[in-house]
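Text of the file run23.cif, holding mmCIF, C-alpha atoms:
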```
data_run
loop_
_atom_site.group_PDB
_atom_site.id
_atom_site.type_symbol
_atom_site.label_atom_id
_atom_site.label_comp_id
_atom_site.auth_asym_id
_atom_site.auth_seq_id
_atom_site.Cartn_x
_atom_site.Cartn_y
_atom_site.Cartn_z
ATOM 1 C CA MET A 183 94.144 105.497 122.648
ATOM 2 C CA LEU A 184 97.577 103.982 123.180
ATOM 3 C CA ASN A 185 99.838 105.196 125.945
ATOM 4 C CA MET A 186 103.317 106.214 124.890
ATOM 5 C CA THR A 187 106.212 107.355 127.029
ATOM 6 C CA ILE A 188 109.295 108.887 125.442
ATOM 7 C CA PHE A 189 112.785 109.096 126.930
ATOM 8 C CA ARG A 190 115.404 111.292 125.283
ATOM 9 C CA THR A 191 119.069 112.008 125.895
ATOM 10 C CA ALA A 192 121.353 114.658 124.423
ATOM 11 C CA GLY A 193 122.918 114.038 121.058
ATOM 12 C CA MET A 194 120.176 111.883 119.572
ATOM 13 C CA ALA A 195 118.347 113.100 116.495
ATOM 14 C CA ILE A 196 115.802 110.331 116.411
ATOM 15 C CA GLY A 197 112.054 110.315 116.960
ATOM 16 C CA ILE A 198 109.547 107.819 118.232
ATOM 17 C CA ALA A 199 106.342 106.843 116.531
ATOM 18 C CA LEU A 200 103.698 104.259 117.167
ATOM 19 C CA THR A 201 102.161 102.797 114.084
ATOM 20 C CA ALA A 202 98.813 101.132 113.729
ATOM 21 C CA SER A 203 99.162 97.671 112.323
ATOM 22 C CA ALA A 204 96.775 95.734 110.157
ATOM 23 C CA CYS A 205 98.386 92.520 111.361
ATOM 24 C CA THR A 206 96.181 89.555 112.153
ATOM 25 C CA SER A 207 98.316 87.923 114.842
ATOM 26 C CA THR A 208 96.476 87.443 118.125
ATOM 27 C CA SER A 209 99.521 86.774 120.324
ATOM 28 C CA HIS A 210 101.324 89.898 121.415
ATOM 29 C CA ASP A 211 103.840 88.571 123.917
ATOM 30 C CA ILE A 212 107.557 89.307 124.169
ATOM 31 C CA ALA A 213 109.142 86.179 125.665
ATOM 32 C CA VAL A 214 112.630 87.696 125.919
ATOM 33 C CA LEU A 215 111.328 89.967 128.693
ATOM 34 C CA ASP A 216 110.642 86.868 130.790
ATOM 35 C CA SER A 217 114.122 85.374 130.269
ATOM 36 C CA GLU A 218 116.585 85.058 133.161
ATOM 37 C CA SER A 219 119.022 87.794 132.112
ATOM 38 C CA SER A 220 120.257 89.864 129.201
ATOM 39 C CA ALA A 221 122.700 88.272 126.742
ATOM 40 C CA GLN A 222 124.699 91.546 126.750
ATOM 41 C CA PRO A 223 125.477 93.930 129.605
ATOM 42 C CA VAL A 224 122.970 96.750 129.947
ATOM 43 C CA PRO A 225 124.609 100.206 130.243
ATOM 44 C CA GLU A 226 124.341 101.813 133.679
ATOM 45 C CA ALA A 227 122.486 104.835 132.256
ATOM 46 C CA VAL A 228 119.634 102.492 131.296
ATOM 47 C CA GLN A 229 119.848 100.255 134.383
ATOM 48 C CA SER A 230 119.591 103.218 136.719
ATOM 49 C CA ASN A 231 116.790 104.972 134.816
ATOM 50 C CA GLU A 232 113.673 105.031 136.996
ATOM 51 C CA GLN A 233 111.391 104.800 133.940
ATOM 52 C CA PHE A 234 112.327 101.124 133.417
ATOM 53 C CA ALA A 235 111.558 98.254 135.805
ATOM 54 C CA ASP A 236 114.701 97.172 137.681
ATOM 55 C CA GLY A 237 116.621 94.463 135.848
ATOM 56 C CA SER A 238 114.084 94.153 133.027
ATOM 57 C CA ALA A 239 116.235 95.216 130.042
ATOM 58 C CA ARG A 240 117.119 92.387 127.638
ATOM 59 C CA TYR A 241 119.447 92.553 124.640
ATOM 60 C CA LEU A 242 117.777 92.130 121.227
ATOM 61 C CA GLY A 243 120.569 92.781 118.710
ATOM 62 C CA GLU A 244 122.574 95.367 116.783
ATOM 63 C CA ILE A 245 121.807 97.411 113.688
ATOM 64 C CA ASP A 246 124.237 99.954 112.172
ATOM 65 C CA ASP A 247 126.448 100.298 115.283
ATOM 66 C CA TYR A 248 123.476 100.698 117.643
ATOM 67 C CA SER A 249 122.521 98.118 120.266
ATOM 68 C CA TYR A 250 118.859 97.462 120.990
ATOM 69 C CA PHE A 251 117.232 96.291 124.206
ATOM 70 C CA ALA A 252 113.653 95.532 125.212
ATOM 71 C CA ALA A 253 112.550 96.438 128.740
ATOM 72 C CA ARG A 254 109.477 96.718 130.888
ATOM 73 C CA PRO A 255 108.438 100.177 132.088
ATOM 74 C CA ALA A 256 108.368 100.869 135.824
ATOM 75 C CA SER A 257 104.624 101.511 135.559
ATOM 76 C CA ASP A 258 102.191 99.054 133.914
ATOM 77 C CA ALA A 259 104.917 96.455 133.361
ATOM 78 C CA ASP A 260 102.335 93.738 132.611
ATOM 79 C CA HIS A 261 100.787 95.557 129.638
ATOM 80 C CA GLU A 262 103.566 97.683 128.146
ATOM 81 C CA ALA A 263 107.031 97.167 126.675
ATOM 82 C CA CYS A 264 109.905 99.472 125.771
ATOM 83 C CA LEU A 265 112.497 99.597 122.996
ATOM 84 C CA ILE A 266 115.851 101.173 123.860
ATOM 85 C CA GLN A 267 118.503 102.207 121.312
ATOM 86 C CA ILE A 268 122.049 102.646 122.628
ATOM 87 C CA GLY A 269 124.768 104.384 120.619
ATOM 88 C CA SER A 270 128.534 104.380 120.935
ATOM 89 C CA THR A 271 128.555 105.856 124.435
ATOM 90 C CA ALA A 272 126.493 104.824 127.447
ATOM 91 C CA ASP A 273 124.810 108.243 127.585
ATOM 92 C CA ASP A 274 123.879 108.139 123.879
ATOM 93 C CA TRP A 275 120.508 106.420 124.092
ATOM 94 C CA ILE A 276 116.811 106.858 123.437
ATOM 95 C CA GLY A 277 113.822 104.699 124.272
ATOM 96 C CA GLY A 278 110.082 104.562 124.063
ATOM 97 C CA CYS A 279 107.329 102.454 125.607
ATOM 98 C CA SER A 280 103.835 101.530 124.522
ATOM 99 C CA THR A 281 100.957 99.192 125.245
ATOM 100 C CA ILE A 282 101.398 95.671 123.851
ATOM 101 C CA GLN A 283 98.350 95.485 121.582
ATOM 102 C CA GLN A 284 99.699 94.801 118.101
ATOM 103 C CA ASP A 285 102.646 93.255 116.262
ATOM 104 C CA LYS A 286 104.571 96.562 116.126
ATOM 105 C CA ILE A 287 104.791 97.811 119.692
ATOM 106 C CA VAL A 288 107.303 100.684 119.489
ATOM 107 C CA VAL A 289 109.014 102.190 116.427
ATOM 108 C CA LEU A 290 112.127 104.384 116.696
ATOM 109 C CA SER A 291 112.702 106.467 113.581
ATOM 110 C CA GLY A 292 114.997 109.168 112.274
ATOM 111 C CA GLY A 293 118.032 109.938 110.180
ATOM 112 C CA THR A 294 118.571 110.571 106.478
ATOM 113 C CA PRO A 295 117.636 108.401 104.730
ATOM 114 C CA ARG A 296 114.922 107.633 107.215
ATOM 115 C CA GLN A 297 115.589 104.501 109.266
ATOM 116 C CA GLU A 298 113.003 102.750 111.407
ATOM 117 C CA VAL A 299 113.600 100.087 114.029
ATOM 118 C CA ALA A 300 110.679 98.320 115.681
ATOM 119 C CA LEU A 301 110.054 96.201 118.737
ATOM 120 C CA ILE A 302 107.850 93.413 117.383
ATOM 121 C CA SER A 303 105.783 90.933 119.395
ATOM 122 C CA ASP A 304 106.471 87.187 119.266
ATOM 123 C CA ASP A 305 105.011 85.340 116.260
ATOM 124 C CA PRO A 306 104.027 88.433 114.245
ATOM 125 C CA SER A 307 102.257 88.477 110.894
ATOM 126 C CA THR A 308 105.516 88.354 108.938
ATOM 127 C CA ASP A 309 103.876 88.642 105.511
ATOM 128 C CA THR A 310 102.245 91.939 106.485
ATOM 129 C CA LEU A 311 105.501 93.305 107.915
ATOM 130 C CA GLU A 312 107.569 92.193 104.915
ATOM 131 C CA ASP A 313 105.006 93.618 102.471
ATOM 132 C CA ALA A 314 105.452 96.973 104.256
ATOM 133 C CA GLY A 315 109.240 96.822 103.755
ATOM 134 C CA TRP A 316 110.257 95.552 107.209
ATOM 135 C CA GLU A 317 113.158 93.097 107.558
ATOM 136 C CA LYS A 318 113.737 90.868 110.565
ATOM 137 C CA GLN A 319 117.109 91.555 112.198
ATOM 138 C CA ALA A 320 116.639 89.393 115.319
ATOM 139 C CA ASP A 321 113.789 88.008 117.379
ATOM 140 C CA ASN A 322 111.483 90.932 118.235
ATOM 141 C CA LEU A 323 113.722 93.412 116.302
ATOM 142 C CA TRP A 324 112.832 94.551 112.766
ATOM 143 C CA HIS A 325 114.256 97.331 110.543
ATOM 144 C CA ARG A 326 113.328 99.250 107.405
ATOM 145 C CA SER A 327 114.669 102.187 105.413
ATOM 146 C CA SER A 328 112.468 104.607 103.543
#
```
Show this structure as structure tokens.
Amino acid sequence: MLNMTIFRTAGMAIGIALTASACTSTSHDIAVLDSESSAQPVPEAVQSNEQFADGSARYLGEIDDYSYFAARPASDADHEACLIQIGSTADDWIGGCSTIQQDKIVVLSGGTPRQEVALISDDPSTDTLEDAGWEKQADNLWHRSS
């Protein structure tokens, strides 16, 4: 059974889901989490959150006016990763963490039409993801609408 931790803030109508993947990739690393620092400033609300390891958040990219960061959780930082979505204000964010065991690690979903954004491991099985309707937005950040 996969562990999943959910963090919510007011004003967000988005859910978190983990999805089983039929991907064949054997490498499930996220190199950006080992980089020196984030390419973009991390909002204080995320930096000061005790659920994330200090200084671990790294910028992934933007989709539809939301910024996305990967981070390590404060607990089990060697085996889990988190995806954080930040809206127009620093307090408008949501994140989720899960064990790094497959190509799709954490999926944030919600809205109408339904939008899904996923934290993807390095070197994923791109054919499988693309066949399922996922589109790469940046390294480790994929998106699909349903």
When you count all atoms listed in the file, which of these residues is closest to Gly293 in chain A: A:Asp246, A:Asp260, A:Asp305, A:Glu317?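 Among A:Asp246, A:Asp260, A:Asp305, A:Glu317, it is A:Asp246 that comes nearest to Gly293 in chain A.
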Name the closest residue to Ala227 in chain A among the candidates A:Glu244, A:Tyr250, A:Ser257, A:Ile268; distances are taken between atoms, counting only C-alpha atoms. A:Ile268
Which one of A:Gly277, A:Pro295, A:Pro306, A:Gly315 sits closest to Ala252 in chain A if you count only C-alpha atoms? A:Gly277
Using all atoms listed in the file, which of the listed residues (A:Leu311, A:Leu265, A:Ile302, A:Leu323) sits closest to Gln284 in chain A?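 Once distances to Gln284 in chain A are computed over all atoms listed in the file, the minimum belongs to A:Ile302.
The residues caught by the PyMOL selection byres ((chain A and resi 242) around 10) in this file are Val214, Ser220, Ala221, Gln222, Ala239, Arg240, Tyr241, Gly243, Glu244, Ser249, Tyr250, Phe251, Ala252, Leu265, Ile266, Leu301, Gln319, Ala320, Asp321, Asn322 and Leu323 of chain A.
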Go through A:Ala253, A:Glu262, A:Ser291, A:Asp211 one by one, measure the shortest atom-to-atom distance of each to Gln229 in chain A using only C-alpha atoms, and give the residue with the smallest value. A:Ala253
In terms of all atoms listed in the file, the residue from A:Ala314, A:Ile212, A:Val228, A:Ala235 at minimal distance from Ile282 in chain A is A:Ile212
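Between CA of Ser327 in chain A and CA of Ser270 in chain A there is a distance of 20.9 Å.
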Give the centre and edge lengths of an axis-aligned box, in Å to one decimal, that holds all listed atoms of range 273-288 of chain A with 3 Å on each side, as AutoDock Vina command-line options.
```
--center_x 111.6 --center_y 100.7 --center_z 121.9 --size_x 32.5 --size_y 21.0 --size_z 17.5
```
Rounded to one decimal, what separation in Å do you get between CA of Ile276 in chain A and CA of Gln233 in chain A? 12.0 Å
So how far away is CA of Thr281 in chain A from CA of Arg296 in chain A, in Å? 24.3 Å
Can you give me all heavy atoms for range 283-294 of chain A, written as a tab-separated table (two decimals), in the coordinates of the input?
```tsv
chain	number	residue	atom	x	y	z
A	283	GLN	N	99.66	95.78	122.15
A	283	GLN	CA	98.35	95.48	121.58
A	283	GLN	C	98.40	95.08	120.12
A	283	GLN	O	97.38	94.80	119.52
A	283	GLN	CB	97.42	96.70	121.70
A	283	GLN	CG	97.06	97.04	123.11
A	283	GLN	CD	96.09	98.21	123.18
A	283	GLN	OE1	95.96	98.99	122.24
A	283	GLN	NE2	95.41	98.33	124.30
A	284	GLN	N	99.57	95.10	119.52
A	284	GLN	CA	99.70	94.80	118.10
A	284	GLN	C	101.07	94.23	117.84
A	284	GLN	O	101.90	94.17	118.74
A	284	GLN	CB	99.47	96.06	117.27
A	284	GLN	CG	100.40	97.20	117.65
A	284	GLN	CD	99.96	98.52	117.06
A	284	GLN	OE1	98.87	98.64	116.57
A	284	GLN	NE2	100.83	99.50	117.10
A	285	ASP	N	101.33	93.80	116.60
A	285	ASP	CA	102.65	93.26	116.26
A	285	ASP	C	103.76	94.28	116.48
A	285	ASP	O	104.76	93.99	117.10
A	285	ASP	CB	102.68	92.78	114.81
A	285	ASP	CG	101.97	91.45	114.61
A	285	ASP	OD1	101.65	90.77	115.61
A	285	ASP	OD2	101.73	91.08	113.45
A	286	LYS	N	103.58	95.50	115.93
A	286	LYS	CA	104.57	96.56	116.13
A	286	LYS	C	104.21	97.30	117.40
A	286	LYS	O	103.18	97.97	117.47
A	286	LYS	CB	104.59	97.52	114.93
A	286	LYS	CG	105.35	96.99	113.75
A	286	LYS	CD	105.48	98.02	112.67
A	286	LYS	CE	104.16	98.07	111.93
A	286	LYS	NZ	104.12	98.96	110.81
A	287	ILE	N	105.08	97.22	118.39
A	287	ILE	CA	104.79	97.81	119.69
A	287	ILE	C	105.36	99.22	119.78
A	287	ILE	O	104.67	100.16	120.13
A	287	ILE	CB	105.34	96.91	120.81
A	287	ILE	CG1	104.63	95.55	120.73
A	287	ILE	CG2	105.17	97.56	122.17
A	287	ILE	CD1	105.30	94.45	121.47
A	288	VAL	N	106.64	99.37	119.47
A	288	VAL	CA	107.30	100.68	119.49
A	288	VAL	C	108.18	100.78	118.25
A	288	VAL	O	108.84	99.82	117.88
A	288	VAL	CB	108.19	100.85	120.75
A	288	VAL	CG1	108.93	102.19	120.71
A	288	VAL	CG2	107.38	100.74	122.02
A	289	VAL	N	108.16	101.94	117.59
A	289	VAL	CA	109.01	102.19	116.43
A	289	VAL	C	109.87	103.41	116.73
A	289	VAL	O	109.35	104.47	117.07
A	289	VAL	CB	108.17	102.44	115.15
A	289	VAL	CG1	109.08	102.77	113.98
A	289	VAL	CG2	107.29	101.25	114.84
A	290	LEU	N	111.19	103.26	116.60
A	290	LEU	CA	112.13	104.38	116.70
A	290	LEU	C	112.48	104.76	115.27
A	290	LEU	O	112.80	103.89	114.46
A	290	LEU	CB	113.40	103.99	117.46
A	290	LEU	CG	113.21	103.46	118.88
A	290	LEU	CD1	114.56	103.07	119.46
A	290	LEU	CD2	112.53	104.48	119.75
A	291	SER	N	112.42	106.06	114.96
A	291	SER	CA	112.70	106.47	113.58
A	291	SER	C	113.48	107.76	113.55
A	291	SER	O	113.41	108.57	114.46
A	291	SER	CB	111.40	106.62	112.78
A	291	SER	OG	110.60	107.62	113.33
A	292	GLY	N	114.24	107.94	112.46
A	292	GLY	CA	115.00	109.17	112.27
A	292	GLY	C	116.10	108.97	111.26
A	292	GLY	O	116.23	107.91	110.66
A	293	GLY	N	116.90	110.00	111.08
A	293	GLY	CA	118.03	109.94	110.18
A	293	GLY	C	117.68	110.24	108.74
A	293	GLY	O	116.52	110.39	108.38
A	294	THR	N	118.73	110.36	107.90
A	294	THR	CA	118.57	110.57	106.48
A	294	THR	C	119.50	109.61	105.77
A	294	THR	O	120.70	109.69	105.98
A	294	THR	CB	118.94	112.02	106.09
A	294	THR	OG1	118.15	112.90	106.88
A	294	THR	CG2	118.69	112.28	104.64
```
